[in-house]
>>> print(open('input_2.cif').read())   # mmCIF, C-alpha atoms (C1' of nucleotides)
data_upload
loop_
_atom_site.label_atom_id
_atom_site.label_comp_id
_atom_site.auth_asym_id
_atom_site.auth_seq_id
_atom_site.Cartn_x
_atom_site.Cartn_y
_atom_site.Cartn_z
CA MET J 1 -55.45 24.14 163.05
CA PRO J 2 -52.75 22.77 165.34
CA ARG J 3 -50.34 25.56 166.17
CA ASN J 4 -47.59 23.74 167.99
CA ARG J 5 -46.49 20.32 169.24
CA ARG J 6 -47.09 18.99 165.76
CA PRO J 7 -47.33 15.24 165.55
CA VAL J 8 -44.66 15.14 162.86
CA PRO J 9 -41.19 13.99 164.06
CA LYS J 10 -38.69 16.77 164.36
CA GLU J 11 -36.18 15.33 161.92
CA GLN J 12 -38.85 15.15 159.25
CA ARG J 13 -40.05 18.66 160.08
CA ARG J 14 -36.53 19.98 159.76
CA ASP J 15 -36.20 18.20 156.47
CA GLU J 16 -39.32 19.89 155.11
CA LEU J 17 -37.85 23.26 156.00
CA VAL J 18 -34.57 22.42 154.27
CA ALA J 19 -36.49 21.23 151.22
CA ALA J 20 -38.39 24.51 151.06
CA ALA J 21 -35.16 26.46 151.47
CA ALA J 22 -33.42 24.39 148.80
CA GLU J 23 -36.18 25.15 146.33
CA LEU J 24 -36.18 28.90 146.95
CA PHE J 25 -32.41 29.31 147.26
CA VAL J 26 -31.90 27.65 143.89
CA LEU J 27 -34.89 29.28 142.19
CA ASP J 28 -34.47 32.86 143.42
CA GLY J 29 -31.03 32.89 145.03
CA TYR J 30 -29.94 33.10 148.66
CA GLU J 31 -30.04 36.87 149.12
CA ALA J 32 -33.34 37.19 147.26
CA THR J 33 -34.96 34.63 149.55
CA SER J 34 -35.98 36.33 152.78
CA MET J 35 -36.63 34.35 155.91
CA SER J 36 -40.30 35.48 155.82
CA ARG J 37 -40.85 34.31 152.23
CA LEU J 38 -39.19 31.07 153.11
CA ALA J 39 -41.36 30.71 156.20
CA LYS J 40 -44.47 31.36 154.13
CA GLN J 41 -43.42 28.71 151.63
CA ALA J 42 -42.98 26.21 154.47
CA GLU J 43 -46.25 27.35 156.12
CA VAL J 44 -44.70 28.46 159.39
CA THR J 45 -43.89 31.80 160.98
CA PRO J 46 -40.39 33.22 160.45
CA ASN J 47 -39.51 32.59 164.11
CA THR J 48 -40.08 28.88 163.72
CA LEU J 49 -37.11 28.73 161.37
CA TYR J 50 -34.97 29.88 164.28
CA TRP J 51 -36.13 26.97 166.37
CA TYR J 52 -34.56 24.56 163.89
CA PHE J 53 -31.65 26.68 162.65
CA ARG J 54 -29.37 29.10 164.39
CA ASP J 55 -29.44 31.57 161.51
CA LYS J 56 -29.83 31.86 157.75
CA ASP J 57 -26.29 30.63 157.13
CA GLU J 58 -26.99 27.39 158.99
CA LEU J 59 -29.94 26.93 156.67
CA LEU J 60 -27.61 27.46 153.74
CA VAL J 61 -25.27 24.81 155.09
CA ALA J 62 -28.18 22.37 155.51
CA VAL J 63 -29.24 22.97 151.91
CA ALA J 64 -25.70 22.55 150.62
CA GLU J 65 -25.23 19.39 152.64
CA ARG J 66 -28.48 18.02 151.24
CA TYR J 67 -27.23 18.55 147.69
CA LEU J 68 -23.84 17.05 148.53
CA ARG J 69 -25.44 13.89 149.95
CA ALA J 70 -27.60 13.42 146.84
CA LEU J 71 -24.58 14.10 144.64
CA LEU J 72 -22.32 11.56 146.35
CA HIS J 73 -25.11 8.99 146.28
CA GLU J 74 -25.65 9.39 142.54
CA HIS J 75 -21.92 9.53 141.91
CA ALA J 76 -21.37 6.10 143.46
CA SER J 77 -22.77 4.38 140.38
CA LEU J 78 -20.27 6.13 138.08
CA ALA J 79 -17.22 5.35 140.17
CA ASP J 80 -15.65 3.07 137.57
CA ARG J 81 -16.29 5.25 134.52
CA PRO J 82 -13.45 7.26 132.96
CA LEU J 83 -12.42 10.19 135.12
CA ALA J 84 -13.11 12.79 132.42
CA GLU J 85 -16.65 11.48 132.12
CA GLN J 86 -17.16 11.67 135.87
CA PHE J 87 -15.95 15.25 135.85
CA LEU J 88 -18.28 16.23 133.03
CA TRP J 89 -21.16 14.64 134.89
CA LEU J 90 -20.22 16.50 138.07
CA VAL J 91 -20.00 19.85 136.33
CA GLU J 92 -23.31 19.45 134.53
CA ARG J 93 -24.93 18.16 137.68
CA LEU J 94 -23.81 21.19 139.70
CA ARG J 95 -24.37 23.88 137.07
CA PRO J 96 -28.03 24.33 138.00
CA VAL J 97 -27.00 25.11 141.58
CA ARG J 98 -24.06 27.31 140.64
CA HIS J 99 -25.45 30.24 142.54
CA LEU J 100 -25.45 28.10 145.66
CA VAL J 101 -21.78 27.35 145.07
CA SER J 102 -20.93 31.04 144.66
CA THR J 103 -22.95 31.96 147.72
CA VAL J 104 -21.18 29.41 149.87
CA HIS J 105 -17.83 30.84 148.78
CA SER J 106 -18.85 34.40 149.50
CA ARG J 107 -20.17 33.52 152.96
CA VAL J 108 -17.10 31.57 154.04
CA ALA J 109 -15.63 34.82 155.35
CA VAL J 110 -18.84 35.77 157.15
CA SER J 111 -20.08 32.60 158.81
CA ASP J 112 -18.11 30.00 160.75
CA ALA J 113 -20.73 27.38 159.98
CA VAL J 114 -20.39 27.96 156.24
CA ARG J 115 -16.61 28.02 156.43
CA SER J 116 -16.32 24.72 158.25
CA TRP J 117 -18.81 23.06 155.90
CA HIS J 118 -16.92 24.41 152.90
CA ASP J 119 -13.64 23.08 154.26
CA SER J 120 -15.06 19.62 154.87
CA PHE J 121 -16.60 19.68 151.38
CA HIS J 122 -13.15 20.28 149.91
CA ARG J 123 -11.62 17.49 151.99
CA THR J 124 -14.26 15.10 150.68
CA PHE J 125 -13.38 15.82 147.08
CA GLU J 126 -9.66 15.96 147.71
CA GLU J 127 -9.83 12.41 149.02
CA ILE J 128 -11.69 11.25 145.93
CA PHE J 129 -9.15 12.93 143.67
CA GLU J 130 -6.12 11.67 145.58
CA ARG J 131 -7.27 8.10 145.08
CA ARG J 132 -7.06 8.70 141.35
CA LEU J 133 -3.46 9.88 141.43
CA THR J 134 -2.05 6.61 140.17
CA SER J 135 1.72 7.16 140.44
CA PRO J 136 3.11 7.85 143.89
CA PHE J 137 4.90 11.12 144.44
CA ALA J 138 5.63 13.70 147.08
CA ALA J 139 2.79 15.09 149.18
CA GLU J 140 3.16 18.74 148.20
CA HIS J 141 3.05 17.80 144.53
CA ARG J 142 -0.10 15.78 145.07
CA ALA J 143 -1.69 18.74 146.84
CA GLY J 144 -0.92 21.01 143.90
CA GLU J 145 -2.42 18.62 141.38
CA VAL J 146 -5.49 18.02 143.48
CA ALA J 147 -6.01 21.75 144.01
CA ALA J 148 -5.68 22.42 140.28
CA ALA J 149 -8.29 19.75 139.53
CA THR J 150 -10.69 21.00 142.19
CA PHE J 151 -10.47 24.60 141.08
CA ALA J 152 -10.86 23.71 137.40
CA LEU J 153 -14.15 21.99 138.19
CA GLU J 154 -15.35 24.74 140.51
CA GLY J 155 -14.64 27.26 137.79
CA ALA J 156 -16.44 25.22 135.18
CA ILE J 157 -19.49 25.03 137.43
CA THR J 158 -19.65 28.71 138.26
CA HIS J 159 -18.77 30.19 134.87
CA ASP J 160 -20.43 30.13 131.48
CA LEU J 161 -18.49 27.85 129.18
CA ASP J 162 -19.75 26.36 125.93
CA ASP J 163 -20.10 22.58 125.74
CA THR J 164 -16.88 21.87 123.86
CA THR J 165 -14.79 23.98 126.22
CA THR J 166 -16.40 22.33 129.22
CA ARG J 167 -15.65 18.90 127.80
CA ARG J 168 -12.08 19.90 126.98
CA LEU J 169 -11.55 21.25 130.48
CA CYS J 170 -12.74 17.97 131.99
CA GLU J 171 -10.42 15.97 129.72
CA ILE J 172 -7.46 18.19 130.53
CA THR J 173 -8.17 17.89 134.24
CA ALA J 174 -8.51 14.11 134.12
CA ASP J 175 -5.35 13.76 132.01
CA ARG J 176 -3.43 15.83 134.52
CA LEU J 177 -4.44 13.68 137.43
CA HIS J 178 -3.44 10.50 135.58
CA HIS J 179 -0.12 11.68 134.28
CA ALA J 180 0.81 14.07 137.03
CA ALA J 181 3.85 12.11 138.14
CA ALA J 182 5.28 11.85 134.62
CA LEU J 183 4.86 15.58 134.06
CA ASN J 184 6.34 16.56 137.36
CA PRO J 185 9.91 17.78 136.59
CA ALA J 186 11.38 16.66 139.93
CA THR J 187 9.98 13.15 139.56
CA SER J 188 10.58 12.67 135.84
CA ALA J 189 14.19 13.84 136.31
CA ASN J 190 14.80 10.89 138.68
CA PRO J 191 13.25 7.83 137.04
CA MET U 1 -19.99 74.31 156.02
CA PRO U 2 -20.74 74.04 152.32
CA ARG U 3 -23.54 71.57 151.84
CA ASN U 4 -23.67 71.22 148.08
CA ARG U 5 -22.09 72.47 144.85
CA ARG U 6 -18.74 71.53 146.31
CA PRO U 7 -15.80 73.11 144.56
CA VAL U 8 -14.18 69.71 144.06
CA PRO U 9 -14.46 68.29 140.48
CA LYS U 10 -16.96 65.52 140.18
CA GLU U 11 -14.50 62.90 138.93
CA GLN U 12 -12.33 63.47 141.97
CA ARG U 13 -15.34 63.40 144.27
CA ARG U 14 -16.43 60.09 142.78
CA ASP U 15 -12.95 58.77 143.26
CA GLU U 16 -12.98 59.66 146.94
CA LEU U 17 -16.18 57.69 147.36
CA VAL U 18 -14.72 54.69 145.57
CA ALA U 19 -11.61 54.89 147.74
CA ALA U 20 -13.74 54.91 150.89
CA ALA U 21 -15.77 51.97 149.59
CA ALA U 22 -12.61 50.06 148.64
CA GLU U 23 -11.26 50.43 152.14
CA LEU U 24 -14.42 49.28 153.88
CA PHE U 25 -15.30 46.52 151.42
CA VAL U 26 -11.87 44.97 151.86
CA LEU U 27 -11.64 45.58 155.60
CA ASP U 28 -15.13 44.52 156.67
CA GLY U 29 -16.59 42.87 153.57
CA TYR U 30 -19.27 43.94 151.13
CA GLU U 31 -22.35 42.76 153.03
CA ALA U 32 -21.01 44.03 156.35
CA THR U 33 -20.51 47.51 154.88
CA SER U 34 -23.82 49.33 154.88
CA MET U 35 -24.41 52.32 152.68
CA SER U 36 -24.81 54.52 155.76
CA ARG U 37 -21.52 53.44 157.32
CA LEU U 38 -19.88 53.99 153.98
CA ALA U 39 -21.47 57.41 153.70
CA LYS U 40 -20.27 58.32 157.17
CA GLN U 41 -16.73 57.25 156.28
CA ALA U 42 -16.84 59.47 153.19
CA GLU U 43 -18.46 62.31 155.16
CA VAL U 44 -21.62 62.51 153.10
CA THR U 45 -25.24 61.44 153.57
CA PRO U 46 -26.27 58.03 152.27
CA ASN U 47 -28.34 59.60 149.49
CA THR U 48 -25.31 61.31 148.06
CA LEU U 49 -23.90 57.91 147.16
CA TYR U 50 -26.90 57.45 144.88
CA TRP U 51 -26.05 60.62 143.03
CA TYR U 52 -22.77 59.07 141.91
CA PHE U 53 -23.77 55.40 141.74
CA ARG U 54 -26.95 53.70 140.64
CA ASP U 55 -26.79 51.19 143.49
CA LYS U 56 -24.46 49.30 145.81
CA ASP U 57 -23.48 46.86 143.08
CA GLU U 58 -22.28 49.67 140.85
CA LEU U 59 -20.10 50.78 143.73
CA LEU U 60 -18.76 47.24 143.94
CA VAL U 61 -17.92 47.33 140.25
CA ALA U 62 -16.14 50.65 140.64
CA VAL U 63 -14.05 49.24 143.50
CA ALA U 64 -13.22 46.09 141.54
CA GLU U 65 -12.29 48.11 138.47
CA ARG U 66 -10.05 50.28 140.62
CA TYR U 67 -8.17 47.22 141.85
CA LEU U 68 -7.96 45.78 138.34
CA ARG U 69 -6.40 48.98 136.97
CA ALA U 70 -3.78 49.05 139.72
CA LEU U 71 -3.11 45.36 139.18
CA LEU U 72 -2.59 45.65 135.44
CA HIS U 73 -0.39 48.67 135.92
CA GLU U 74 1.88 46.86 138.38
CA HIS U 75 1.82 43.72 136.28
CA ALA U 76 3.25 45.51 133.24
CA SER U 77 6.71 45.56 134.81
CA LEU U 78 6.73 41.76 135.24
CA ALA U 79 5.59 40.94 131.72
CA ASP U 80 8.88 39.27 130.75
CA ARG U 81 9.39 37.22 133.89
CA PRO U 82 8.65 33.47 133.90
CA LEU U 83 4.95 32.74 133.72
CA ALA U 84 4.90 30.73 136.97
CA GLU U 85 6.43 33.69 138.76
CA GLN U 86 3.84 36.05 137.31
CA PHE U 87 1.09 33.72 138.48
CA LEU U 88 2.48 33.52 141.99
CA TRP U 89 2.69 37.29 142.10
CA LEU U 90 -0.90 37.60 140.88
CA VAL U 91 -2.22 35.14 143.45
CA GLU U 92 -0.41 36.77 146.34
CA ARG U 93 -1.40 40.20 145.13
CA LEU U 94 -5.09 39.27 145.03
CA ARG U 95 -5.27 37.16 148.18
CA PRO U 96 -5.85 40.19 150.42
CA VAL U 97 -8.93 41.08 148.36
CA ARG U 98 -10.20 37.54 148.08
CA HIS U 99 -13.52 38.42 149.65
CA LEU U 100 -14.02 40.99 146.91
CA VAL U 101 -13.42 38.25 144.33
CA SER U 102 -15.95 35.93 145.97
CA THR U 103 -18.48 38.72 146.30
CA VAL U 104 -18.21 39.62 142.63
CA HIS U 105 -18.86 35.99 141.72
CA SER U 106 -21.86 35.71 143.99
CA ARG U 107 -23.42 38.93 142.65
CA VAL U 108 -22.99 38.03 138.99
CA ALA U 109 -26.39 36.36 139.12
CA VAL U 110 -27.98 39.33 140.88
CA SER U 111 -26.65 42.42 139.16
CA ASP U 112 -26.24 43.06 135.43
CA ALA U 113 -23.53 45.61 136.15
CA VAL U 114 -21.47 43.09 138.12
CA ARG U 115 -22.04 40.38 135.53
CA SER U 116 -20.85 42.48 132.62
CA TRP U 117 -17.81 43.70 134.55
CA HIS U 118 -16.97 40.14 135.54
CA ASP U 119 -17.23 38.98 131.92
CA SER U 120 -14.94 41.74 130.69
CA PHE U 121 -12.52 40.95 133.50
CA HIS U 122 -12.29 37.37 132.26
CA ARG U 123 -11.80 38.48 128.66
CA THR U 124 -8.90 40.66 129.77
CA PHE U 125 -7.09 37.76 131.38
CA GLU U 126 -7.98 35.30 128.66
CA GLU U 127 -6.23 37.55 126.17
CA ILE U 128 -3.12 37.70 128.34
CA PHE U 129 -3.11 33.93 128.71
CA GLU U 130 -3.74 33.23 125.04
CA ARG U 131 -0.66 35.22 124.09
CA ARG U 132 1.38 32.78 126.17
CA LEU U 133 0.10 29.70 124.36
CA THR U 134 3.20 29.24 122.25
CA SER U 135 2.25 26.38 119.92
CA PRO U 136 -0.67 26.99 117.59
CA PHE U 137 -3.66 24.65 117.92
CA ALA U 138 -7.40 24.56 117.51
CA ALA U 139 -9.52 27.25 119.12
CA GLU U 140 -11.61 25.00 121.37
CA HIS U 141 -8.45 23.45 122.77
CA ARG U 142 -7.02 26.87 123.52
CA ALA U 143 -10.25 27.84 125.29
CA GLY U 144 -10.02 24.77 127.51
CA GLU U 145 -6.41 25.45 128.47
CA VAL U 146 -7.09 29.10 129.15
CA ALA U 147 -10.13 28.28 131.26
CA ALA U 148 -8.16 25.72 133.28
CA ALA U 149 -5.43 28.30 133.95
CA THR U 150 -7.90 31.04 134.90
CA PHE U 151 -9.84 28.83 137.28
CA ALA U 152 -6.70 27.46 138.91
CA LEU U 153 -5.63 31.00 139.77
CA GLU U 154 -9.09 32.06 140.90
CA GLY U 155 -9.19 29.04 143.17
CA ALA U 156 -5.76 29.75 144.58
CA ILE U 157 -6.83 33.30 145.39
CA THR U 158 -10.10 32.43 147.09
CA HIS U 159 -9.01 29.31 148.99
CA ASP U 160 -6.52 28.72 151.78
CA LEU U 161 -3.47 26.93 150.42
CA ASP U 162 -0.11 26.68 152.08
CA ASP U 163 2.84 28.33 150.36
CA THR U 164 4.33 25.24 148.75
CA THR U 165 0.98 24.13 147.33
CA THR U 166 0.36 27.61 145.99
CA ARG U 167 3.75 27.64 144.31
CA ARG U 168 3.21 24.15 142.89
CA LEU U 169 -0.16 25.16 141.51
CA CYS U 170 1.36 28.16 139.76
CA GLU U 171 4.11 26.02 138.26
CA ILE U 172 1.64 23.40 137.07
CA THR U 173 -0.54 26.05 135.52
CA ALA U 174 2.35 27.74 133.75
CA ASP U 175 3.70 24.41 132.49
CA ARG U 176 0.33 23.53 131.08
CA LEU U 177 0.06 26.74 129.10
CA HIS U 178 3.52 26.23 127.63
CA HIS U 179 3.20 22.59 126.71
CA ALA U 180 -0.51 22.48 126.03
CA ALA U 181 -0.14 21.59 122.35
CA ALA U 182 2.23 18.69 123.00
CA LEU U 183 -0.06 17.24 125.66
CA ASN U 184 -3.18 17.55 123.59
CA PRO U 185 -3.94 14.00 122.33
CA ALA U 186 -5.54 15.14 119.07
CA THR U 187 -2.53 17.28 118.18
CA SER U 188 0.21 14.98 119.40
CA ALA U 189 -1.40 12.09 117.48
CA ASN U 190 -0.84 14.03 114.23
CA PRO U 191 2.68 15.43 114.40
"C1'" DA Q 1 -25.88 70.06 139.19
"C1'" DC Q 2 -25.25 68.50 143.62
"C1'" DC Q 3 -26.79 67.34 148.17
"C1'" DT Q 4 -29.99 66.64 152.21
"C1'" DG Q 5 -34.01 65.16 155.63
"C1'" DA Q 6 -37.24 62.27 155.98
"C1'" DA Q 7 -39.49 58.48 154.74
"C1'" DC Q 8 -40.55 53.58 152.60
"C1'" DA Q 9 -40.78 48.76 152.49
"C1'" DC Q 10 -38.15 45.30 154.04
"C1'" DC Q 11 -34.45 42.63 156.32
"C1'" DG Q 12 -32.50 38.99 159.86
"C1'" DT Q 13 -33.15 38.14 164.47
"C1'" DT Q 14 -34.96 38.11 169.41
"C1'" DC Q 15 -38.00 37.43 173.21
"C1'" DA Q 16 -41.74 37.00 176.19
"C1'" DA Q 17 -45.73 34.45 175.97
"C1'" DG Q 18 -48.56 30.67 174.66
"C1'" DT Q 19 -49.65 25.40 174.46
"C1'" DA R 1 -40.57 20.91 173.30
"C1'" DC R 2 -42.45 23.51 169.82
"C1'" DC R 3 -44.47 27.58 167.93
"C1'" DT R 4 -46.34 32.43 167.66
"C1'" DG R 5 -47.18 37.86 167.84
"C1'" DA R 6 -44.96 41.58 168.27
"C1'" DA R 7 -41.14 44.08 168.33
"C1'" DC R 8 -35.98 45.67 167.46
"C1'" DA R 9 -32.34 47.72 165.04
"C1'" DC R 10 -31.09 48.04 160.60
"C1'" DC R 11 -31.01 47.62 155.52
"C1'" DG R 12 -30.87 49.56 150.46
"C1'" DT R 13 -33.26 52.89 148.10
"C1'" DT R 14 -36.40 56.92 146.79
"C1'" DC R 15 -38.18 61.50 146.55
"C1'" DA R 16 -39.51 66.04 147.34
"C1'" DA R 17 -37.10 69.88 148.71
"C1'" DG R 18 -33.19 72.77 149.20
"C1'" DT R 19 -29.08 75.62 147.13
#
>>> encode(input="input_2.cif", output="structure tokens")
Amino acid sequence: MPRNRRPVPKEQRRDELVAAAAELFVLDGYEATSMSRLAKQAEVTPNTLYWYFRDKDELLVAVAERYLRALLHEHASLADRPLAEQFLWLVERLRPVRHLVSTVHSRVAVSDAVRSWHDSFHRTFEEIFERRLTSPFAAEHRAGEVAAATFALEGAITHDLDDTTTRRLCEITADRLHHAAALNPATSANP
Amino acid sequence: MPRNRRPVPKEQRRDELVAAAAELFVLDGYEATSMSRLAKQAEVTPNTLYWYFRDKDELLVAVAERYLRALLHEHASLADRPLAEQFLWLVERLRPVRHLVSTVHSRVAVSDAVRSWHDSFHRTFEEIFERRLTSPFAAEHRAGEVAAATFALEGAITHDLDDTTTRRLCEITADRLHHAAALNPATSANP
DNA sequence: ACCTGAACACCGTTCAAGT
DNA sequence: ACCTGAACACCGTTCAAGT
């Protein structure tokens, strides 16, 4: 068997490794997936993983990024549906990878790579949310509303809620983003 | 030196170990604190930790519970202050132990002990929040509002927000809990 | 009952060496 | 450039043995 200089392009090779990692991270969890088990799954030696990735956290980032890309791609087709419906879709779409979400959060403090990916992830969603804030109002108020929406969804993904509560939470969150200006005391006091 | 059968009562001994763990978990993080470093800090051998705790996760639970007790005790004196102010206090109080919060969430899927503590933690705060829901309305609507409030605070604790955004988020969250019934379409449609 | 010494199986990571 | 064999320092945990 060929042991090195494989004829497969390096981007594709890297992708295979990320795919293997994605499967195991989601199935068994990040901590429970050792680099050697992962290597075995991808049919390489553990060291090979370190040729393509600096460390295990960089592998986590690659897996998370892979899911984010797929998510944004699928989301594009729902862009004109009601916001509450989009939120519900998002939450149900991310529930299966909830452990990945929790792991990313817990490794933000440990790994610079994870932290910077996490931050850019939040910026991506903040931009999407900000576009939905129909009425114009002051920047710090926008930031508060956007943060509340983001955290509501993150919580819904990572916690066990029954279906009706999940749906309610998505409706509440969407409502808030639409009517934020009207509900804002400072703004509604000066019409 | 006495090597066993220490004259110190076992509850106090356990407490010393939890105190040592609390310090290191918060200072260096849970993963970065090995059982041997922890043992050294508490001036025992690693094995001794396993006499008092089933595993590292049970130690994590003990540390978290310790913080929760202190938090609830301090919170009692603010019970009649405005809700937004209570929230801001809570967020700022828990920010220093944010890594503990993230770690608990990421180990919910791994450890039964952590999961059941986490669930009871949420029940505790849900009860506090539910008492603040002034207007009466259907149970599934309450659950949605309470979840939104809980997740907003959890997010504020575990993410970097500037001071004004944090304050705004707390105000929004408090407002929501007060006016939830009026904003609920189903309820406001039938006055 | 309480604590230790010594070991176990494993972990993430590195490095010199191969092609 | 790509990959491996072998090792490194360490991890959480266990267990027989001590007092």
>>> resolve_selection(input="input_2.cif", expression="the PyMOL selection byres ((chain R and resi 18) around 8)", output="list of chain:residue names")
Q:DT4, R:DA17, R:DT19
>>> residues_near_point(input="input_2.cif", point="(-40.4, 47.2, 154.7)", cutoff="12 Å", atoms="all atoms listed in the file", output="JSON, numbers by chain")
{"J": [34, 36], "Q": [7, 8, 9, 10, 11], "R": [10, 11, 12, 13]}
>>> residues_near_point(input="input_2.cif", point="(-20.5, 56.7, 150.2)", cutoff="10 Å", atoms="all atoms listed in the file", output="PDB file with C-alpha atoms, in the frame of the given file")
ATOM      1  CA  ARG U  14     -16.430  60.090 142.780  1.00  0.00           C
ATOM      2  CA  GLU U  16     -12.980  59.660 146.940  1.00  0.00           C
ATOM      3  CA  LEU U  17     -16.180  57.690 147.360  1.00  0.00           C
ATOM      4  CA  VAL U  18     -14.720  54.690 145.570  1.00  0.00           C
ATOM      5  CA  ALA U  19     -11.610  54.890 147.740  1.00  0.00           C
ATOM      6  CA  ALA U  20     -13.740  54.910 150.890  1.00  0.00           C
ATOM      7  CA  ALA U  21     -15.770  51.970 149.590  1.00  0.00           C
ATOM      8  CA  SER U  34     -23.820  49.330 154.880  1.00  0.00           C
ATOM      9  CA  MET U  35     -24.410  52.320 152.680  1.00  0.00           C
ATOM     10  CA  SER U  36     -24.810  54.520 155.760  1.00  0.00           C
ATOM     11  CA  ARG U  37     -21.520  53.440 157.320  1.00  0.00           C
ATOM     12  CA  LEU U  38     -19.880  53.990 153.980  1.00  0.00           C
ATOM     13  CA  ALA U  39     -21.470  57.410 153.700  1.00  0.00           C
ATOM     14  CA  LYS U  40     -20.270  58.320 157.170  1.00  0.00           C
ATOM     15  CA  GLN U  41     -16.730  57.250 156.280  1.00  0.00           C
ATOM     16  CA  ALA U  42     -16.840  59.470 153.190  1.00  0.00           C
ATOM     17  CA  GLU U  43     -18.460  62.310 155.160  1.00  0.00           C
ATOM     18  CA  VAL U  44     -21.620  62.510 153.100  1.00  0.00           C
ATOM     19  CA  THR U  45     -25.240  61.440 153.570  1.00  0.00           C
ATOM     20  CA  PRO U  46     -26.270  58.030 152.270  1.00  0.00           C
ATOM     21  CA  ASN U  47     -28.340  59.600 149.490  1.00  0.00           C
ATOM     22  CA  THR U  48     -25.310  61.310 148.060  1.00  0.00           C
ATOM     23  CA  LEU U  49     -23.900  57.910 147.160  1.00  0.00           C
ATOM     24  CA  TYR U  50     -26.900  57.450 144.880  1.00  0.00           C
ATOM     25  CA  TRP U  51     -26.050  60.620 143.030  1.00  0.00           C
ATOM     26  CA  TYR U  52     -22.770  59.070 141.910  1.00  0.00           C
ATOM     27  CA  PHE U  53     -23.770  55.400 141.740  1.00  0.00           C
ATOM     28  CA  LYS U  56     -24.460  49.300 145.810  1.00  0.00           C
ATOM     29  CA  LEU U  59     -20.100  50.780 143.730  1.00  0.00           C
TER      30      LEU U  59
END
>>> residues_around(input="input_2.cif", residues="region 106-118 of chain J", least_positions_apart="5", cutoff="7 Å", atoms="only C-alpha atoms (C1' of nucleotides)", output="PDB file with C-alpha atoms, keeping the file's coordinate frame")
ATOM      1  CA  ASP J  57     -26.290  30.630 157.130  1.00  0.00           C
ATOM      2  CA  GLU J  58     -26.990  27.390 158.990  1.00  0.00           C
ATOM      3  CA  VAL J  61     -25.270  24.810 155.090  1.00  0.00           C
TER       4      VAL J  61
ATOM      5  CA  HIS U  99     -13.520  38.420 149.650  1.00  0.00           C
ATOM      6  CA  SER U 102     -15.950  35.930 145.970  1.00  0.00           C
ATOM      7  CA  THR U 103     -18.480  38.720 146.300  1.00  0.00           C
ATOM      8  CA  SER U 106     -21.860  35.710 143.990  1.00  0.00           C
TER       9      SER U 106
END
>>> atom_distance(input="input_2.cif", atom1="CA of Glu74 (chain U)", atom2="CA of Val146 (chain U)")
21.9 Å
>>> closest_atom_pairs(input="input_2.cif", of="chain R", to="chain J", cutoff="12 Å", atoms="all atoms listed in the file", output="tab-separated table")
residue	atom	partner	partner_atom	distance
R:DA1	C1'	J:Arg5	CA	7.2
R:DC2	C1'	J:Arg5	CA	5.2
R:DC3	C1'	J:Asn4	CA	4.9
R:DT4	C1'	J:Thr45	CA	7.1
R:DG5	C1'	J:Thr45	CA	9.7
R:DA6	C1'	J:Asn47	CA	11.3
>>> resolve_selection(input="input_2.cif", expression="the PyMOL selection byres ((chain J) within 10 of (chain U))", output="PyMOL selection string")
chain J and resi 28-32+98-110+119+122+139-156+158-173+175-176+180+183-185
>>> atom_distance(input="input_2.cif", atom1="CA of Ile128 (chain U)", atom2="CA of Ala22 (chain U)")
25.6 Å
>>> atom_distance(input="input_2.cif", atom1="CA of Glu11 (chain J)", atom2="CA of Ala62 (chain J)")
12.4 Å
>>> resolve_selection(input="input_2.cif", expression="the PyMOL selection byres ((chain J and resi 86-92) around 7)", output="count of residues only")
14
>>> build_atoms(input="input_2.cif", residues="region 101-107 of chain U", atoms="N, CA, C and O atoms", output="compact mmCIF listing (two decimals), keeping the file's coordinate frame")
# COMPACT_ATOMS: atom_id res chain seq x y z
N VAL U 101 -13.31 39.18 145.46
CA VAL U 101 -13.42 38.25 144.33
C VAL U 101 -14.64 37.34 144.50
O VAL U 101 -15.45 37.17 143.58
N SER U 102 -14.79 36.80 145.70
CA SER U 102 -15.95 35.93 145.97
C SER U 102 -17.26 36.70 145.84
O SER U 102 -18.24 36.18 145.31
N THR U 103 -17.26 37.92 146.35
CA THR U 103 -18.48 38.72 146.30
C THR U 103 -18.89 39.01 144.87
O THR U 103 -20.06 38.90 144.51
N VAL U 104 -17.91 39.38 144.04
CA VAL U 104 -18.21 39.62 142.63
C VAL U 104 -18.87 38.38 142.03
O VAL U 104 -19.91 38.46 141.37
N HIS U 105 -18.30 37.22 142.28
CA HIS U 105 -18.86 35.99 141.72
C HIS U 105 -20.29 35.74 142.19
O HIS U 105 -21.14 35.32 141.42
N SER U 106 -20.54 36.01 143.47
CA SER U 106 -21.86 35.71 143.99
C SER U 106 -22.89 36.73 143.52
O SER U 106 -24.09 36.46 143.53
N ARG U 107 -22.47 37.91 143.09
CA ARG U 107 -23.42 38.93 142.65
C ARG U 107 -23.57 38.98 141.13
O ARG U 107 -24.36 39.77 140.61
